[in-house]
Amino acid sequence: MGKGGSLSEGVVRKIVLSYTYVAVWIFLSFTVIVYNKYILDRKLYNWPFPISLTLLHMSFCSALAFLLVNVFRVVEPVAMSRELYLSSVVPIGALYALSLWLSNSAYIYLSVSFIQMLKALMPVAVYSIGVLLKRDPFKSQTMLNMVSISLGVAVAAYGEAKFDAWGVALQLGAVAFEATRLVLIQILLTSKGIQLNPITSLYYVAPCCLVFLLVPWVFVEYPVLAEASSFSPDLVVFGTNSLCAFALNLAVFLLVGKTSALTMNVAGVVKDWLLIAFSWSVIKDTVTPVNLFGYGLAFLGVAYYNHSKLQGLKAKEAQKKAAQAGEGEARKLLEQREGEGPMGEKRDPQA
């Protein structure tokens with residue numbers, strides 16, 4: 001095939017790879033959420049220790065990332081000073097620890113379907129915190145969009161059959177901490193030109209997250225676990241669960257790195273609907289019509305928000321191309337003028 005055919009093949013390959021990244025992320029995210037629910041739920045595996053479970057995940061991720069960086073040399077570590085680590089990575093690790101702790105705790109009190117509905121508030125939290133930290137400009141139209149999403153989630157919460165105020169508070173706290181973490185990544189790392197790949201992200205963040213989780217674990221869960229000395233953890237269950245968590249962390253950074261954060265947001269909406277359907281059909285969680293109506297409103301708000309962001313990215317790309325085209329025209333004009341005489345006449349090479 002000709003040049004055009006080669007270009008088409010390249011585009012098709014890129015599209016196939018993008019969809020593959022999305023499918024892998026959805027599968028792993030789906031698996032980890034359901035797996036965590038199974039372990040933590042008192043009616044299922046009955047091991048309601050969310051900090052301990054998160055500690056296992058972070059320990060596994062830290063150890064594996066250390067081996068991949070320092071032993072097998074799969075990737076090179078990023079040059080990072082102690083001051084930069086303390087000022088940039090440590091706050092992100094602390095927020096990540098709080099987000100994981102609270103989100104895993106919510107599975108003890110709430111259904112999988114209702115948790116996914118509450119997670120629809122993530123764009124609201126990210127935008128609001130971005131405005132507060134002067135990362136994003138305030139726009140009344142965008143804020144109206146955020147209000148519509150919040151209204152939809154409120155309706156879904158009103159229609160929840162097994163509403164638990166403490167569980168809702170835990171999940172909303174997790175959303176707030178995760179949104180703050182996402183904004184701080186842009187402020188503390190990306191703005192300083194620090195780009196972390198999936199493995200180096202875990203290499204730097206997971207140990208920090210592990211240390212922060214140890215503090216509440218010692219006071220909250222360790223005394224209870226010490227008394228329940230008869231419990232013997234299933235290595236297959238916790239081993240495969242930790243491996244899935246590690247793979248999910250890699251998939252998140254891979255998806256964002258190879259596509260975009262917007263792609264992950266759109267894929268997240270698909271994943272949430274799949275989880276709601278799974279929760280209702282397999283786990284037999286109660287999903288009421290009011291639940292679905294409220295989440296439908298929130299879904300439309302999130303979809304419009306993602307569409308607006310996509311249009312904004314397209315506009316920026318168009319401006320960038322226009323600027324590049326203008327520079328090219330200016331360069332050509334300059335070259336033409338250099339080929340002319342001082343009075344605007346063409347130079348005669350035989351003069």
# chains A, B, ... in the order shown; residues from 1 in each chain; ligands from 1
>>> residues_around(residues="A:Pro77", least_positions_apart="6", cutoff="12 Å", atoms="only C-alpha atoms", output="list in words")
Ala65, Phe66, Leu67, Leu68, Val69, Asn70, Val71, Ile194, Gln195, Leu196, Asn197, Pro198, Ile199, Thr200, Ser201, Leu202, Tyr203 and Tyr204 of chain A
>>> write_last_selection(atoms="N, CA and C atoms", output="compact mmCIF listing (two decimals), in the first residue's frame")
# COMPACT_ATOMS: atom_id res chain seq x y z
N ALA A 65 7.98 -2.49 43.21
CA ALA A 65 8.56 -1.34 42.52
C ALA A 65 10.05 -1.22 42.84
N PHE A 66 10.44 -1.49 44.08
CA PHE A 66 11.85 -1.46 44.46
C PHE A 66 12.66 -2.47 43.65
N LEU A 67 12.12 -3.68 43.51
CA LEU A 67 12.82 -4.72 42.74
C LEU A 67 12.94 -4.32 41.27
N LEU A 68 11.87 -3.76 40.70
CA LEU A 68 11.89 -3.39 39.29
C LEU A 68 12.86 -2.25 39.00
N VAL A 69 13.04 -1.35 39.97
CA VAL A 69 13.92 -0.18 39.76
C VAL A 69 15.36 -0.49 40.14
N ASN A 70 15.58 -1.08 41.31
CA ASN A 70 16.94 -1.23 41.84
C ASN A 70 17.61 -2.58 41.54
N VAL A 71 16.82 -3.61 41.31
CA VAL A 71 17.40 -4.94 41.09
C VAL A 71 17.37 -5.31 39.61
N ILE A 194 8.46 17.37 36.43
CA ILE A 194 8.74 16.01 36.91
C ILE A 194 7.70 15.07 36.32
N GLN A 195 8.17 14.15 35.49
CA GLN A 195 7.28 13.17 34.87
C GLN A 195 7.63 11.78 35.41
N LEU A 196 6.68 11.16 36.09
CA LEU A 196 6.88 9.83 36.66
C LEU A 196 6.13 8.80 35.83
N ASN A 197 6.83 7.72 35.45
CA ASN A 197 6.15 6.64 34.74
C ASN A 197 5.45 5.74 35.76
N PRO A 198 4.69 4.73 35.32
CA PRO A 198 3.93 3.91 36.27
C PRO A 198 4.77 3.30 37.38
N ILE A 199 5.96 2.81 37.05
CA ILE A 199 6.79 2.12 38.06
C ILE A 199 7.44 3.12 39.02
N THR A 200 7.98 4.21 38.49
CA THR A 200 8.62 5.19 39.37
C THR A 200 7.59 5.91 40.25
N SER A 201 6.36 6.03 39.76
CA SER A 201 5.30 6.62 40.59
C SER A 201 5.08 5.78 41.84
N LEU A 202 4.98 4.46 41.66
CA LEU A 202 4.83 3.58 42.82
C LEU A 202 6.10 3.54 43.65
N TYR A 203 7.25 3.62 42.99
CA TYR A 203 8.54 3.57 43.69
C TYR A 203 8.67 4.71 44.70
N TYR A 204 8.18 5.89 44.34
CA TYR A 204 8.31 7.05 45.23
C TYR A 204 7.10 7.24 46.14
>>> residues_around(residues="A:Ser105", least_positions_apart="5", cutoff="10 Å", atoms="only C-alpha atoms", output="JSON, numbers by chain")
{"A": [36, 37, 40, 41, 48, 49, 50, 51, 53, 54, 99, 100, 110, 166, 167, 170, 171, 174]}
>>> closest_residue(among="A:Thr180, A:Ser52, A:Gln311, A:Ser281", to="A:Leu225", atoms="only C-alpha atoms")
A:Ser52
>>> atom_distance(atom1="atom CA of A:Trp280", atom2="atom CA of A:Val112")
9.0 Å
>>> residues_around(residues="A:Val211", least_positions_apart="5", cutoff="10 Å", atoms="only C-alpha atoms", output="ChimeraX atom specification")
/A:55,58-59,93-94,97,206,216
>>> write_last_selection(atoms="C-alpha atoms", output="PDB file, in the first residue's frame")
ATOM      1  CA  LEU A  55      -1.178  -1.596  54.014  1.00  0.00           C
ATOM      2  CA  MET A  58       1.160  -0.587  49.531  1.00  0.00           C
ATOM      3  CA  SER A  59       3.708  -3.043  50.966  1.00  0.00           C
ATOM      4  CA  GLY A  93       1.536  10.255  49.503  1.00  0.00           C
ATOM      5  CA  ALA A  94      -0.319  11.441  52.608  1.00  0.00           C
ATOM      6  CA  ALA A  97      -3.114   7.141  52.048  1.00  0.00           C
ATOM      7  CA  ALA A 206       3.869   3.810  47.727  1.00  0.00           C
ATOM      8  CA  PRO A 216      -3.700   4.982  62.223  1.00  0.00           C
TER       9      PRO A 216
END
>>> atom_distance(atom1="atom CA of A:Phe253", atom2="atom CA of A:Tyr38")
25.4 Å
>>> select_by_dssp(residues="stretch 114-163 of chain A", states="helix (DSSP H, G or I)", output="ChimeraX atom specification")
/A:114-132,140-158
>>> closest_residue(among="A:Leu56, A:Ala330, A:Val131, A:Val236", to="A:Leu214", atoms="only C-alpha atoms")
A:Leu56
>>> closest_residue(among="A:Arg13, A:Lys309, A:Val218, A:His57", to="A:Phe238", atoms="only C-alpha atoms")
A:His57
>>> residues_around(residues="A:Ala267", least_positions_apart="4", cutoff="8 Å", atoms="only C-alpha atoms", output="PyMOL selection string")
chain A and resi 22+26+263+271
>>> residues_around(residues="A:Val89", least_positions_apart="2", cutoff="12 Å", atoms="only C-alpha atoms", output="ChimeraX atom specification")
/A:80-87,91-96,181,184-190,194,196,200-209
>>> closest_residue(among="A:Ala228, A:Ala303, A:Ile283, A:Val237", to="A:Val266", atoms="only C-alpha atoms")
A:Ala303
